[in-house]
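A.B. asks: Below you will find the structure I want to go over with you.
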Amino acid sequence: MTTPLRVGIAGLGTVGGGTLKILSEHTAMLKARTGREIVITALSARTKNKTRSTDISGLRWFDNPVAIASDAQVDVVVELIGGAEGVARELVETALKNGKSVVTANKALIAHHGIALAAMAEQSGALLAFEAAVAGGIPIIKALRDGLAANNFKRVVGILNGTCNYILTSMWESKRSFDDVLKEAQEKGYAEAEPSFDVDGIDTAHKLAILTSLAFGCAPSIGDVYIEGIRRVTLRDMEFAAELGYSIKLLGITSQTPTGVEQRVHPCMVRMDSPLGTVPGVFNAILAEGDSVGTVLFEGRGAGAGPTASSVVADIMDIARGVAYKPFTLPVSQLNPLPFSTMEHLKSSYYLRLRVIDKPGVLSEVTGIFKQEQISLRSFLQHSHKPGEPVNVVVTTHDTQESSMLRAVDAIAKLATVSETPYMIRIETL
């Protein structure tokens, strides 16, 4: 008879609590689907005596989570503590060195240290699994690594942060400012009290670095991701975008280009009728383009107890079945040392919002700068205003080089007739 797979869980927050619930309530189903009983033999969290939806009174408790990694009654360590350093990293490294497989939802840890951890797993024969680290309940890791493994990928584009998507969706639907909607998101628990990790694009960048590695067979390189958050997006921008047929989304984009692999996180204008243009609220969505399969779209809840725990347990089930794979598709020694492209090489079309003093010659000054940089303009928009007040003007361009666009924006910002720092958003074709 097959022996049970013994699981130790470190971290019992939202995702840890959801994982505990699934493993406790779906015992028979998990055994039927894997052919092996999965049992919880160790737990650790900041607080032991806390009211939880699942009874833990009969389970062994560890005040020091790292001790789980050396415990003889644990086969698989589930790390749900979070953070790229500290206890989380020590726990995972200790487990892998001891030959214990690891399941984690920790995107920061994988983005910063994934290759070193994968090497440890290879050396000890353990498995390092991190489906839950990207897009919550959407099985995008397995899709890129297994289901779409026959493809050479052109690009992967995604809405990877539910907090940002909720804020942008709510701004448009309720016609409120970023600050107002952020406060509401914090009150509802969709945003942290310190929201920088989400709204400044860092969370999305961690996830994108992981997707890049899986898509293109290279080591994750978070340092080569261009990162720009959503704090400067205004309701005015959304109104102009809608007038042009676009919605605004924070996207993570990785693609193969002649100058190297692009990795960029920033607000984008996407057509309202495009696959990502109508993704609502806290949902995530990922679009992948392969040479054989074409374009495929994955959409679902990107966070929360149930969706993320679903991915954690799916990884545990793989281990119970005896599934073996390389964390980043290829052995560490075979990962490609690909060059990464910088933003100056990006070719895109652009939206530029200006606030100018309404006087003769203003637009000719602006268009003169674009002409000097050889930037072809697609459209002008101007909303009505009271005489004598500054006016909002929007310019969109045809495809041009980012370096040229940045020079133009810098020159326009220095004009005496421009009363506010111009704001630029890239337009993405999906």
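Letters A, B, ... mark the chains of the structure tokens in the order given; residue numbers begin at 1 per chain; ligand numbers begin at 1, in order shown.
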Could you give me, as a Markdown table, every range 259-325 of chain A residue with an atom at most 6 Å from range 145-151 of chain A, plus its closest atom pair and distance in Å to one decimal, counting only C-alpha atoms, rows ordered by chain then number?
C.D. replies:
| residue | atom | partner | partner_atom | distance |
| --- | --- | --- | --- | --- |
| A:Gly290 | CA | A:Asn151 | CA | 5.2 |
| A:Asp291 | CA | A:Asn151 | CA | 5.7 |
| A:Ser292 | CA | A:Asn151 | CA | 5.7 |
A.B. asks: Take the selection from the previous step and output its residues with C-alpha atoms, as an mmCIF file, in the first residue's frame.
C.D. replies:
data_model
loop_
_atom_site.group_PDB
_atom_site.id
_atom_site.type_symbol
_atom_site.label_atom_id
_atom_site.label_comp_id
_atom_site.auth_asym_id
_atom_site.auth_seq_id
_atom_site.Cartn_x
_atom_site.Cartn_y
_atom_site.Cartn_z
ATOM 1 C CA GLY A 290 2.831 30.578 -29.645
ATOM 2 C CA ASP A 291 4.012 29.718 -33.144
ATOM 3 C CA SER A 292 1.894 26.541 -33.302
#
A.B. asks: Any idea what's packed within 9 Å of range 137-139 of chain A, counting only C-alpha atoms, ignoring anything in its chain fewer than 5 positions away? Could you give it as a CSV table (one decimal) with C-alpha atoms, in the first residue's frame?
C.D. replies:
chain,number,residue,atom,x,y,z
A,131,GLU,CA,2.0,27.5,-9.7
A,132,ALA,CA,0.4,29.7,-7.1
A,144,LEU,CA,3.5,27.3,-20.4
A,284,ASN,CA,-6.4,38.4,-13.8
A,285,ALA,CA,-5.9,37.4,-17.5
A,286,ILE,CA,-2.9,36.2,-19.5
A,298,PHE,CA,-6.4,32.5,-19.6
A,299,GLU,CA,-8.7,34.4,-17.3
A,300,GLY,CA,-9.8,34.0,-13.7
A,301,ARG,CA,-9.4,35.1,-10.1
A,302,GLY,CA,-5.8,36.1,-9.5
A,303,ALA,CA,-5.8,36.1,-5.7
A,304,GLY,CA,-7.8,35.1,-2.6
A,306,GLY,CA,-9.8,29.7,-2.7
A,307,PRO,CA,-8.2,30.4,-6.1
A,308,THR,CA,-4.6,30.6,-4.9
A,309,ALA,CA,-5.0,27.6,-2.5
A,310,SER,CA,-6.4,25.7,-5.5
A,311,SER,CA,-3.0,26.1,-7.2
A,312,VAL,CA,-1.0,25.3,-4.1
A.B. asks: In Å, how far is it from CA of Asp237 in chain A to CA of Arg271 in chain A?
C.D. replies: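 Value for the CA of Asp237 in chain A-CA of Arg271 in chain A distance: 14.2 Å.
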A.B. asks: Could you tell me how far CA of Val261 in chain A sits from CA of Pro339 in chain A, in Å to one decimal place?
C.D. replies: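 Computing it gives 6.4 Å between the two atoms.
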A.B. asks: Calculated over only C-alpha atoms, which of the candidates A:Arg155, A:Lys414, A:Lys371, A:Arg176 has the smallest distance to Leu430 in chain A?
C.D. replies: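 Checking each candidate against Leu430 in chain A, we get A:Arg155 as the closest.
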A.B. asks: Return as a ChimeraX atom specification the full set of residues in range 301-356 of chain A whose backbone-based DSSP assignment is helix (DSSP H, G or I).
C.D. replies: /A:305-321,332-334,343-345
A.B. asks: At a cut-off of 9 Å, using only C-alpha atoms, what residues contact Ile227 in chain A? Leave out same-chain residues fewer than 2 positions from it and give the result as a VMD selection string.
C.D. replies: chain A and resid 200 to 202 204 to 205 225 229 263 to 266
A.B. asks: Keeping only N, CA and C atoms, write those residues as a PDB file, in the first residue's frame.
C.D. replies:
ATOM      1  N   ASP A 200       2.581  50.286  -7.532  1.00  0.00           N
ATOM      2  CA  ASP A 200       3.792  50.734  -8.220  1.00  0.00           C
ATOM      3  C   ASP A 200       4.365  49.675  -9.165  1.00  0.00           C
ATOM      4  N   GLY A 201       3.646  48.553  -9.333  1.00  0.00           N
ATOM      5  CA  GLY A 201       4.002  47.572 -10.349  1.00  0.00           C
ATOM      6  C   GLY A 201       4.999  46.509  -9.939  1.00  0.00           C
ATOM      7  N   ILE A 202       5.446  46.516  -8.677  1.00  0.00           N
ATOM      8  CA  ILE A 202       6.493  45.576  -8.260  1.00  0.00           C
ATOM      9  C   ILE A 202       5.981  44.137  -8.256  1.00  0.00           C
ATOM     10  N   THR A 204       3.573  42.855 -10.051  1.00  0.00           N
ATOM     11  CA  THR A 204       3.456  42.424 -11.447  1.00  0.00           C
ATOM     12  C   THR A 204       4.823  42.087 -12.042  1.00  0.00           C
ATOM     13  N   ALA A 205       5.837  42.864 -11.692  1.00  0.00           N
ATOM     14  CA  ALA A 205       7.181  42.620 -12.220  1.00  0.00           C
ATOM     15  C   ALA A 205       7.730  41.272 -11.764  1.00  0.00           C
ATOM     16  N   VAL A 225      13.512  44.185 -15.655  1.00  0.00           N
ATOM     17  CA  VAL A 225      12.115  44.530 -15.908  1.00  0.00           C
ATOM     18  C   VAL A 225      11.925  46.042 -15.753  1.00  0.00           C
ATOM     19  N   GLY A 229       4.118  52.171 -12.319  1.00  0.00           N
ATOM     20  CA  GLY A 229       2.831  51.874 -11.714  1.00  0.00           C
ATOM     21  C   GLY A 229       1.695  52.724 -12.236  1.00  0.00           C
ATOM     22  N   GLN A 263      10.980  43.051 -21.201  1.00  0.00           N
ATOM     23  CA  GLN A 263      10.206  42.820 -19.982  1.00  0.00           C
ATOM     24  C   GLN A 263       9.758  44.186 -19.480  1.00  0.00           C
ATOM     25  N   ARG A 264       8.470  44.440 -19.532  1.00  0.00           N
ATOM     26  CA  ARG A 264       8.002  45.763 -19.127  1.00  0.00           C
ATOM     27  C   ARG A 264       6.658  45.687 -18.422  1.00  0.00           C
ATOM     28  N   VAL A 265       6.538  46.518 -17.399  1.00  0.00           N
ATOM     29  CA  VAL A 265       5.300  46.653 -16.627  1.00  0.00           C
ATOM     30  C   VAL A 265       4.924  48.123 -16.622  1.00  0.00           C
ATOM     31  N   HIS A 266       3.750  48.448 -17.139  1.00  0.00           N
ATOM     32  CA  HIS A 266       3.320  49.843 -17.158  1.00  0.00           C
ATOM     33  C   HIS A 266       1.854  49.920 -17.572  1.00  0.00           C
TER      34      HIS A 266
END
